[in-house]
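Shown below: entry-v4.cif, with mmCIF, C-alpha atoms.
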```
data_target
loop_
_atom_site.label_atom_id
_atom_site.label_comp_id
_atom_site.auth_asym_id
_atom_site.auth_seq_id
_atom_site.Cartn_x
_atom_site.Cartn_y
_atom_site.Cartn_z
CA MET D 4 78.44 54.46 200.48
CA SER D 5 79.53 52.43 197.51
CA ASP D 6 76.48 53.72 195.72
CA SER D 7 77.54 57.36 195.98
CA GLU D 8 81.10 56.40 195.00
CA GLN D 9 79.72 54.79 191.90
CA LYS D 10 77.80 57.96 191.15
CA ASP D 11 80.91 60.08 191.55
CA ARG D 12 82.83 57.88 189.18
CA ASP D 13 80.04 58.12 186.64
CA LYS D 14 80.12 61.86 186.93
CA THR D 15 83.87 62.11 186.32
CA ASP D 16 83.55 59.71 183.43
CA LYS D 17 80.89 61.88 181.92
CA THR D 18 82.87 65.10 182.27
CA LYS D 19 85.93 63.34 180.92
CA SER D 20 84.11 62.08 177.86
CA LEU D 21 82.56 65.50 177.38
CA SER D 22 85.94 67.22 177.42
CA GLU D 23 87.22 64.58 175.02
CA ARG D 24 84.32 65.28 172.72
CA ILE D 25 84.94 69.02 172.92
CA ALA D 26 88.59 68.42 172.00
CA GLN D 27 87.55 66.23 169.10
CA PHE D 28 85.09 68.84 167.88
CA GLU D 29 87.68 71.58 168.11
CA ALA D 30 90.19 69.50 166.21
CA LYS D 31 87.59 69.10 163.52
CA THR D 32 86.60 72.75 163.31
CA THR D 33 90.00 74.43 163.56
CA PRO D 34 91.88 74.08 160.31
CA ASN D 35 95.45 72.90 160.56
CA SER D 36 98.14 73.19 157.96
CA GLN D 37 98.49 69.42 157.69
CA LYS D 38 94.87 69.03 156.73
CA ARG D 39 95.08 71.82 154.20
CA LYS D 40 97.50 70.02 151.94
CA SER D 41 95.67 66.71 151.72
CA SER D 42 93.21 66.47 148.88
CA GLN D 43 89.65 65.62 149.71
CA LEU D 44 88.56 63.32 146.93
CA PRO D 45 90.25 60.20 145.55
CA ALA D 46 89.45 61.58 142.11
CA ALA D 47 91.62 64.62 142.86
CA GLY D 48 94.51 62.90 141.07
CA VAL D 49 92.51 62.83 137.85
CA ALA D 50 91.76 66.50 138.33
CA LEU D 51 95.45 67.28 138.82
CA ALA D 52 96.42 65.58 135.56
CA GLY D 53 93.90 67.68 133.66
CA ARG D 54 95.14 70.86 135.28
CA VAL D 55 98.73 70.40 134.10
CA ALA D 56 97.64 70.16 130.46
CA THR D 57 95.29 73.14 130.54
CA GLU D 58 97.87 75.28 132.29
CA LEU D 59 100.32 74.84 129.39
CA VAL D 60 97.78 75.52 126.66
CA ALA D 61 96.28 78.49 128.49
CA GLY D 62 99.76 79.96 129.02
CA ILE D 63 100.56 79.98 125.34
CA ALA D 64 97.09 81.28 124.43
CA VAL D 65 97.23 84.15 126.94
CA GLY D 66 100.77 85.12 125.89
CA ALA D 67 99.95 85.13 122.19
CA PHE D 68 96.71 87.04 122.76
CA LEU D 69 98.40 89.74 124.87
CA GLY D 70 101.12 90.07 122.25
CA TRP D 71 98.53 90.39 119.49
CA LEU D 72 96.74 93.13 121.45
CA ILE D 73 99.96 95.11 122.01
CA ASP D 74 100.92 94.67 118.35
CA LYS D 75 97.54 95.94 117.22
CA TRP D 76 97.89 98.95 119.53
CA LEU D 77 101.47 99.86 118.54
CA GLY D 78 101.42 98.52 114.98
CA THR D 79 104.49 96.35 115.51
CA THR D 80 103.11 93.05 114.18
CA PRO D 81 104.40 90.43 114.92
CA ALA D 82 107.22 91.41 117.33
CA PHE D 83 105.36 91.41 120.65
CA MET D 84 103.27 88.42 119.71
CA LEU D 85 106.41 86.34 119.15
CA VAL D 86 108.04 87.44 122.40
CA LEU D 87 104.94 87.07 124.54
CA PHE D 88 104.17 83.67 123.01
CA PHE D 89 107.32 82.32 124.62
CA LEU D 90 106.86 84.29 127.84
CA GLY D 91 103.33 82.86 128.04
CA ALA D 92 104.70 79.35 127.66
CA ALA D 93 107.21 80.15 130.43
CA GLY D 94 104.37 81.40 132.62
CA GLY D 95 102.45 78.18 132.02
CA VAL D 96 105.46 76.07 133.01
CA MET D 97 105.90 78.27 136.08
CA ASN D 98 102.31 77.57 137.14
CA ILE D 99 102.86 73.83 136.73
CA TRP D 100 106.06 74.00 138.75
CA ARG D 101 104.21 75.86 141.47
CA LEU D 102 101.42 73.29 141.39
CA LEU D 103 103.76 70.32 141.65
CA THR D 104 106.08 71.76 144.30
CA GLY D 105 103.09 72.18 146.60
CA ARG D 106 103.01 75.96 146.47
CA GLY D 107 99.41 75.67 145.41
CA MET D 108 98.21 77.96 142.68
CA GLY D 109 99.33 81.06 144.52
CA ALA D 110 101.16 83.55 142.43
CA GLY D 111 104.14 85.07 144.14
CA TYR D 112 106.41 83.88 146.87
CA PHE D 113 105.04 85.28 150.09
CA GLY D 114 105.77 82.10 151.97
CA ASP D 115 109.39 82.17 150.82
CA HIS D 116 109.80 85.85 151.65
CA ARG D 117 108.58 85.17 155.14
CA GLU D 118 110.88 82.21 155.67
CA ASN D 119 113.86 84.36 154.69
CA LYS D 120 112.90 87.03 157.21
CA ASP D 121 112.63 84.61 160.13
CA MET W 13 72.33 63.05 110.07
CA HIS W 14 73.02 65.61 112.76
CA SER W 15 76.49 66.92 113.33
CA PRO W 16 77.90 66.04 116.78
CA VAL W 17 78.49 69.72 117.55
CA GLU W 18 74.99 70.81 116.61
CA GLN W 19 73.93 70.38 120.24
CA PHE W 20 75.99 73.45 121.16
CA THR W 21 74.17 75.93 118.87
CA ILE W 22 72.44 78.75 120.67
CA LYS W 23 68.87 79.33 119.61
CA ALA W 24 66.89 82.39 120.58
CA LEU W 25 63.64 81.33 122.24
CA TYR W 26 62.37 84.86 122.71
CA ALA W 27 63.98 87.65 120.71
CA LEU W 28 64.85 90.75 122.70
CA SER W 29 67.11 93.71 122.08
CA LEU W 30 68.24 96.55 124.28
CA PHE W 31 70.04 99.66 122.90
CA GLY W 32 70.90 97.70 119.77
CA TYR W 33 72.35 94.78 121.73
CA ASP W 34 70.92 91.33 121.25
CA ILE W 35 69.77 90.14 124.68
CA SER W 36 67.42 87.41 123.46
CA PHE W 37 66.28 84.74 125.88
CA THR W 38 68.07 81.69 124.46
CA ASN W 39 68.15 77.99 125.24
CA SER W 40 71.35 78.75 127.18
CA SER W 41 69.53 81.33 129.33
CA LEU W 42 66.68 78.88 129.85
CA PHE W 43 69.01 76.23 131.26
CA MET W 44 70.79 78.77 133.44
CA VAL W 45 67.42 79.73 134.91
CA LEU W 46 66.57 76.03 135.28
CA ALA W 47 69.87 75.34 137.07
CA VAL W 48 69.14 78.16 139.53
CA LEU W 49 65.53 77.07 140.05
CA VAL W 50 66.29 73.36 140.42
CA SER W 51 69.21 73.85 142.80
CA SER W 52 67.51 76.40 145.03
CA GLY W 53 64.15 74.62 144.82
CA LEU W 54 65.72 71.32 145.81
CA LEU W 55 67.46 72.90 148.79
CA LEU W 56 64.30 74.73 149.88
CA ILE W 57 62.17 71.58 149.70
CA ALA W 58 64.87 69.49 151.37
CA MET W 59 65.24 71.87 154.31
CA ARG W 60 61.51 72.44 154.76
CA PRO W 61 61.04 69.90 157.57
CA ALA W 62 64.36 70.98 159.18
CA SER W 63 64.07 68.07 161.59
CA ILE W 64 66.80 66.99 163.98
CA ILE W 65 66.80 63.51 162.44
CA PRO W 66 67.11 64.32 158.74
CA GLY W 67 65.27 62.46 156.02
CA ARG W 68 66.87 61.48 152.73
CA LEU W 69 66.50 64.83 151.00
CA GLN W 70 67.57 66.77 154.07
CA CYS W 71 70.59 64.50 154.37
CA PHE W 72 71.47 65.34 150.78
CA ALA W 73 71.17 69.07 151.42
CA GLU W 74 73.27 68.85 154.57
CA MET W 75 75.92 66.77 152.82
CA MET W 76 76.19 69.37 150.05
CA TYR W 77 76.55 72.11 152.63
CA GLU W 78 79.19 70.23 154.59
CA PHE W 79 81.09 69.25 151.45
CA VAL W 80 81.50 72.87 150.35
CA ALA W 81 82.07 74.07 153.93
CA ASN W 82 84.90 71.54 154.25
CA ILE W 83 86.50 72.61 150.97
CA LEU W 84 86.42 76.23 152.10
CA ASP W 85 87.62 75.41 155.60
CA SER W 86 90.56 73.25 154.54
CA ASN W 87 91.68 75.61 151.78
CA VAL W 88 91.06 79.06 153.20
CA GLY W 89 90.41 78.58 156.92
CA LYS W 90 88.40 80.77 159.24
CA GLU W 91 88.87 83.94 157.18
CA GLY W 92 87.00 82.31 154.32
CA LYS W 93 83.71 82.10 156.21
CA PRO W 94 82.27 85.40 154.88
CA TYR W 95 82.70 84.09 151.33
CA PHE W 96 80.84 80.84 151.94
CA PRO W 97 77.52 81.93 150.35
CA PHE W 98 79.31 82.85 147.13
CA ILE W 99 81.33 79.62 146.98
CA PHE W 100 78.28 77.48 147.76
CA THR W 101 76.20 79.22 145.08
CA LEU W 102 79.02 78.85 142.57
CA PHE W 103 79.39 75.14 143.28
CA LEU W 104 75.66 74.44 143.05
CA PHE W 105 75.24 76.47 139.86
CA ILE W 106 78.07 74.71 138.04
CA LEU W 107 77.05 71.30 139.38
CA PHE W 108 73.44 71.65 138.30
CA SER W 109 74.33 73.17 134.91
CA ASN W 110 76.58 70.16 134.29
CA LEU W 111 74.03 67.62 135.52
CA LEU W 112 71.06 69.15 133.70
CA GLY W 113 73.14 69.10 130.53
CA LEU W 114 73.35 65.31 130.76
CA ILE W 115 69.60 64.92 130.30
CA PRO W 116 68.86 64.11 126.64
CA TYR W 117 67.57 67.08 124.56
CA SER W 118 68.81 69.54 127.17
CA TYR W 119 71.50 72.16 126.76
CA THR W 120 74.82 72.26 128.63
CA VAL W 121 75.42 75.84 129.73
CA THR W 122 79.01 75.18 130.79
CA SER W 123 79.97 73.92 127.31
CA GLN W 124 80.18 77.56 126.13
CA ILE W 125 83.52 79.19 126.90
CA ILE W 126 81.98 82.63 127.36
CA VAL W 127 79.89 81.35 130.27
CA THR W 128 82.80 79.72 132.09
CA PHE W 129 85.11 82.62 131.26
CA ALA W 130 82.62 85.16 132.61
CA MET W 131 82.52 83.23 135.90
CA ALA W 132 86.31 82.77 136.06
CA PHE W 133 87.02 86.39 135.16
CA THR W 134 84.59 87.69 137.79
CA ILE W 135 86.36 85.53 140.38
CA PHE W 136 89.76 86.73 139.14
CA ILE W 137 88.81 90.42 139.40
CA GLY W 138 87.11 89.88 142.76
CA VAL W 139 90.02 87.97 144.28
CA THR W 140 92.55 90.54 143.01
CA LEU W 141 90.49 93.38 144.50
CA ILE W 142 90.21 91.52 147.83
CA GLY W 143 93.99 91.12 147.81
CA ILE W 144 94.60 94.81 147.05
CA PHE W 145 92.06 96.01 149.65
CA LYS W 146 93.47 93.71 152.32
CA HIS W 147 97.15 94.30 151.69
CA GLY W 148 97.36 97.58 149.80
CA LEU W 149 100.25 98.10 147.39
CA HIS W 150 102.16 95.37 149.21
CA PHE W 151 100.07 93.02 147.08
CA PHE W 152 102.16 93.80 144.00
CA SER W 153 105.45 92.88 145.66
CA PHE W 154 104.52 89.24 145.38
CA PHE W 155 105.43 89.24 141.72
CA VAL W 156 109.12 89.42 142.66
CA PRO W 157 110.73 86.04 143.35
CA PRO W 158 113.03 86.06 146.37
CA GLY W 159 116.76 85.63 145.83
CA ALA W 160 116.62 86.38 142.11
CA SER W 161 119.67 88.04 140.56
CA LYS W 162 119.10 91.73 139.81
CA PRO W 163 119.43 91.67 135.99
CA LEU W 164 116.87 88.88 135.75
CA ILE W 165 114.20 90.59 137.84
CA PRO W 166 112.40 92.47 134.99
CA LEU W 167 112.06 89.27 132.98
CA LEU W 168 110.92 87.22 135.98
CA VAL W 169 108.35 89.83 137.00
CA LEU W 170 106.98 89.79 133.45
CA ILE W 171 106.65 86.01 133.53
CA GLU W 172 105.05 86.18 136.98
CA VAL W 173 102.47 88.71 135.82
CA ILE W 174 101.64 86.58 132.78
CA SER W 175 101.34 83.45 134.90
CA TYR W 176 98.94 85.38 137.12
CA LEU W 177 96.88 86.44 134.09
CA ILE W 178 96.73 82.81 132.93
CA ARG W 179 94.61 81.85 135.95
CA PRO W 180 91.15 82.90 134.73
CA VAL W 181 91.84 81.40 131.30
CA SER W 182 92.98 78.00 132.58
CA LEU W 183 90.14 77.95 135.11
CA SER W 184 87.51 78.54 132.43
CA VAL W 185 89.11 76.42 129.71
CA ARG W 186 89.26 73.40 132.02
CA LEU W 187 85.53 73.36 132.72
CA PHE W 188 84.50 74.28 129.18
CA ALA W 189 86.82 71.77 127.45
CA ASN W 190 85.73 68.90 129.67
CA MET W 191 82.05 69.51 129.05
CA LEU W 192 82.51 70.16 125.32
CA ALA W 193 84.65 67.06 124.74
CA GLY W 194 82.39 64.76 126.75
CA HIS W 195 79.19 65.81 125.06
CA THR W 196 80.75 65.70 121.59
CA MET W 197 82.00 62.18 122.29
CA LEU W 198 78.54 61.05 123.38
CA LYS W 199 77.01 62.42 120.19
CA VAL W 200 79.70 60.84 118.00
CA PHE W 201 78.96 57.40 119.46
CA ALA W 202 75.22 57.96 119.16
CA GLY W 203 75.64 58.94 115.50
CA LEU W 204 77.72 55.82 114.92
CA ALA W 205 74.97 53.63 116.38
CA VAL W 206 72.38 55.22 114.10
CA MET W 207 74.58 54.88 111.02
CA MET W 208 75.39 51.23 111.73
CA SER W 209 71.80 50.23 112.32
CA GLY W 210 70.88 51.95 109.07
CA ALA W 211 73.57 50.11 107.10
CA GLY W 212 71.78 46.75 107.30
CA GLY W 213 73.18 43.22 107.50
CA VAL W 214 75.80 42.37 110.12
CA MET W 215 76.19 46.05 110.93
CA VAL W 216 72.79 46.15 112.66
CA ALA W 217 73.95 43.63 115.27
CA GLY W 218 77.22 45.55 115.58
CA SER W 219 75.39 48.76 116.43
CA ALA W 220 74.97 47.37 119.94
CA LEU W 221 78.66 48.13 120.58
CA PRO W 222 78.45 51.94 120.37
CA LEU W 223 75.23 51.77 122.38
CA ILE W 224 77.04 49.94 125.19
CA ALA W 225 79.85 52.48 124.92
CA ILE W 226 77.31 55.29 125.40
CA ILE W 227 76.14 53.73 128.68
CA GLY W 228 79.71 53.67 129.97
CA LEU W 229 80.42 57.18 128.69
CA THR W 230 77.32 58.56 130.39
CA GLY W 231 78.64 57.22 133.68
CA LEU W 232 81.99 58.82 132.96
CA GLU W 233 80.29 62.11 132.09
CA LEU W 234 78.49 62.01 135.42
CA LEU W 235 81.88 61.76 137.13
CA VAL W 236 83.28 64.59 135.00
CA ALA W 237 80.27 66.79 135.79
CA LEU W 238 80.80 66.32 139.53
CA LEU W 239 84.58 66.52 139.34
CA GLN W 240 84.72 69.71 137.29
CA ALA W 241 82.29 71.47 139.61
CA TYR W 242 84.54 70.38 142.48
CA VAL W 243 87.73 71.51 140.72
CA PHE W 244 86.27 74.92 139.87
CA THR W 245 85.22 75.39 143.48
CA ILE W 246 88.49 74.24 145.02
CA LEU W 247 90.54 76.48 142.69
CA THR W 248 88.35 79.46 143.56
CA CYS W 249 89.05 78.68 147.22
CA MET W 250 92.80 78.49 146.54
CA TYR W 251 92.80 81.86 144.77
CA LEU W 252 90.81 83.33 147.63
CA ASN W 253 93.30 81.87 150.09
CA ASP W 254 96.19 83.54 148.22
CA ALA W 255 94.45 86.90 148.29
CA LEU W 256 93.61 86.67 151.99
CA HIS W 257 96.89 85.29 153.29
CA LEU W 258 99.68 87.25 151.62
CA HIS W 259 101.64 88.27 154.75
#
```
Take the structure from the file and write it as C-alpha cells.
Amino acid sequence: MSDSEQKDRDKTDKTKSLSERIAQFEAKTTPNSQKRKSSQLPAAGVALAGRVATELVAGIAVGAFLGWLIDKWLGTTPAFMLVLFFLGAAGGVMNIWRLLTGRGMGAGYFGDHRENKD
Amino acid sequence: MHSPVEQFTIKALYALSLFGYDISFTNSSLFMVLAVLVSSGLLLIAMRPASIIPGRLQCFAEMMYEFVANILDSNVGKEGKPYFPFIFTLFLFILFSNLLGLIPYSYTVTSQIIVTFAMAFTIFIGVTLIGIFKHGLHFFSFFVPPGASKPLIPLLVLIEVISYLIRPVSLSVRLFANMLAGHTMLKVFAGLAVMMSGAGGVMVAGSALPLIAIIGLTGLELLVALLQAYVFTILTCMYLNDALHLH
C-alpha cells in the first residue's frame, strides 16, 4: 500500500518538474520586453562609447556630402552644403539622443505615437 | 622601412576586366573568399558528427549559432526568425574577415571602407524595403515627431530624414575605422621596434618595450575584432526590428 503511494508521489513529482521545465523553457524562448533592453555582453559599454563618436562624425559627413551633391546639381555652391552641414550635425545629435534615451536606433517615433493614441 | 599604411594597399593577383571595368582578383578578394571558406568549412567539419553529446568543435559551432540566435531573438523577436540565415552569415563573414586579418602577412578585408559600406548600404536598402512592403506608405509617417509645433515640422522632418540616412554611414565607418586604426597602430609599434634595434647601443635593449606593447595590442585587437562583428550584427538586428515593428 505504502509502495503504491510512493509511486504516485513520484509520478506527481515528475509531472510537476516537467511542467516547471516547460515553463522555464517557454520563458527562455519567448522574448520579453525586459530582456530586449538589457545588453548581452559586458563589453557592450565600450561599443556604446564608440557609437556616440561615430554618429557625430557620420552626421556631419553625410550632411556635407548631400549638400555638395545638391550644389553640384543646381550650381548653387556652397549654399546647400553650408545648410546641410549643420542639419547633418543636428541629425547626428538626434541619433545620439535617441540612443541614450533608450529609443534604440529606430528612426521615427512610432512608440510615442502609439502611446498618445492609447 | 615600410609605411604603416602600406598593409592596406590592394594588389591585383590576377588581372581581369569586364566591359572596360577592372574586376581583377585582388588580395582583398582572396581574403574574402578565405573568410567564406574558413567559416563555412569550420562549421561543416564541426557539425559532421552531429552527436547528441557535442565535442569541442561542435560545441563551438553550437555556441556561435546560439549567440547569434539570442541576439536576433532579444532584439527582433519571433518575427526575426526568417532573417536568421542572413544575420548569421553576416556575423560569421565579418568575424572571420577580422580574425583572418590579424594573422601576420594577411589582409584585413574590413579595413576598406568600400567593403563595409557595401554591406551597410545593402542592409539599409533591404531594411527600408522590408519596412515599406510591410507597412506601405505609413512607413514614411514615422519621420514626423509627435507633438511638434506646426511651423517646425518641415525642419524636423528634414533632420529626421538626414538622421535616417546617417545610419549606413555610421554603421560602416565604425567597423572600418576600428580595423584601420588597430592595424595601423600595430604596424607603427612594429616599425618602432625595428628602428630602435637598428639604432644600436642602449636603444637595442629598449626595443623590447614596443615588442611588449605589440603583444598587448594584439590581444586588444582580438577583442576589437570580436566586438565590432558583434556591434555590426546587433545594429543590423535593431534596424530590422524598426522596420518590422512600426505599428
Taking (69.6, 79.9, 142.5) as a centre in this file's frame and 12 Å as the limit, can you find every polymer residue with an atom that close, using all atoms listed in the file, and give them as a PDB file with C-alpha atoms, in the frame of the given file?
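That gives us point07.pdb:
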```pdb
ATOM      1  CA  PHE W  43      69.010  76.230 131.260  1.00  0.00           C
ATOM      2  CA  MET W  44      70.790  78.770 133.440  1.00  0.00           C
ATOM      3  CA  VAL W  45      67.420  79.730 134.910  1.00  0.00           C
ATOM      4  CA  LEU W  46      66.570  76.030 135.280  1.00  0.00           C
ATOM      5  CA  ALA W  47      69.870  75.340 137.070  1.00  0.00           C
ATOM      6  CA  VAL W  48      69.140  78.160 139.530  1.00  0.00           C
ATOM      7  CA  LEU W  49      65.530  77.070 140.050  1.00  0.00           C
ATOM      8  CA  VAL W  50      66.290  73.360 140.420  1.00  0.00           C
ATOM      9  CA  SER W  51      69.210  73.850 142.800  1.00  0.00           C
ATOM     10  CA  SER W  52      67.510  76.400 145.030  1.00  0.00           C
ATOM     11  CA  GLY W  53      64.150  74.620 144.820  1.00  0.00           C
ATOM     12  CA  LEU W  54      65.720  71.320 145.810  1.00  0.00           C
ATOM     13  CA  LEU W  55      67.460  72.900 148.790  1.00  0.00           C
ATOM     14  CA  LEU W  56      64.300  74.730 149.880  1.00  0.00           C
ATOM     15  CA  PRO W  97      77.520  81.930 150.350  1.00  0.00           C
ATOM     16  CA  PHE W  98      79.310  82.850 147.130  1.00  0.00           C
ATOM     17  CA  PHE W 100      78.280  77.480 147.760  1.00  0.00           C
ATOM     18  CA  THR W 101      76.200  79.220 145.080  1.00  0.00           C
ATOM     19  CA  LEU W 102      79.020  78.850 142.570  1.00  0.00           C
ATOM     20  CA  PHE W 103      79.390  75.140 143.280  1.00  0.00           C
ATOM     21  CA  LEU W 104      75.660  74.440 143.050  1.00  0.00           C
ATOM     22  CA  PHE W 105      75.240  76.470 139.860  1.00  0.00           C
ATOM     23  CA  ILE W 106      78.070  74.710 138.040  1.00  0.00           C
ATOM     24  CA  LEU W 107      77.050  71.300 139.380  1.00  0.00           C
ATOM     25  CA  PHE W 108      73.440  71.650 138.300  1.00  0.00           C
ATOM     26  CA  SER W 109      74.330  73.170 134.910  1.00  0.00           C
TER      27      SER W 109
END
```
(message) From the options D:Thr57, D:Phe88, D:Pro81, D:Ile73, which residue's atoms come nearest to chain W, counting all atoms listed in the file?
(response)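 Once distances to chain W are computed over all atoms listed in the file, the minimum belongs to D:Thr57.
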Identify, on the basis of all atoms listed in the file, every residue whose closest approach to Ala61 in chain D does not exceed 7 Å; exclude the query and any residue fewer than 4 positions from it along the same chain; express the result as a PDB file with C-alpha atoms, in the coordinates of the input.
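And here is the file that came out, part25.pdb:
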```pdb
ATOM      1  CA  THR D  57      95.290  73.140 130.540  1.00  0.00           C
ATOM      2  CA  VAL D  65      97.230  84.150 126.940  1.00  0.00           C
TER       3      VAL D  65
ATOM      4  CA  ILE W 178      96.730  82.810 132.930  1.00  0.00           C
ATOM      5  CA  VAL W 181      91.840  81.400 131.300  1.00  0.00           C
ATOM      6  CA  SER W 182      92.980  78.000 132.580  1.00  0.00           C
TER       7      SER W 182
END
```
(request) Check what the PyMOL selection byres ((chain W and resi 19) around 10) selects in the file above and give those residues as a PyMOL selection string. (result) chain W and resi 14-18+20-22+117-120+123+192+195-196+199
(message) For the provided coordinates, the residues matched by the PyMOL selection byres ((chain W) within 9 of (chain D)) should be stated as number ranges by chain.
(response) W: 82-83, 85-90, 152-158, 167, 170-179, 181-183, 185-186, 239-240, 243, 247, 250-251, 253-255, 257-259
(request) Do a neighbour search on Ser36 in chain W at 6 Å with all atoms listed in the file, toss out local chain neighbours closer than 2 positions, and write the hits as a list in words. (result) Ala24, Tyr26, Ala27, Leu28, Asp34 and Thr38 of chain W
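Taking CA of Thr128 in chain W and CA of Ala58 in chain W as endpoints, the distance between them is 28.2 Å.
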(request) Report the distance between CA of Ile126 in chain W and CA of Leu102 in chain D in Å, rounded to one decimal place. (result) 25.7 Å
(request) Specify as a PyMOL selection string each residue included when the PyMOL selection byres ((chain W and resi 69) around 10) is applied to this file. (result) chain W and resi 54-55+57-61+66-68+70-75
(request) Calculate how many Å separate CA of Leu232 in chain W from CA of Gly194 in chain W, rounding to one decimal. (result) 8.6 Å
(message) So, with only C-alpha atoms as the atoms that count, which of D:Val86, D:Ala52, D:Thr80, D:Ile25 lies closest to Ala67 in chain D?
(response)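 Between D:Val86, D:Ala52, D:Thr80, D:Ile25, the residue approaching Ala67 in chain D most closely is D:Val86.
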(message) Excluding Val216 in chain W and its own-chain neighbours fewer than 4 positions away, which residues fall within 10 Å of it when counting only C-alpha atoms? Please give them as a PyMOL selection string.
(response) chain W and resi 205-212+220
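The nearest approach to Phe129 in chain W among the residues W:Leu187, W:Leu221, W:Leu229, W:Cys249, with all atoms listed in the file taken into account, belongs to W:Leu187.
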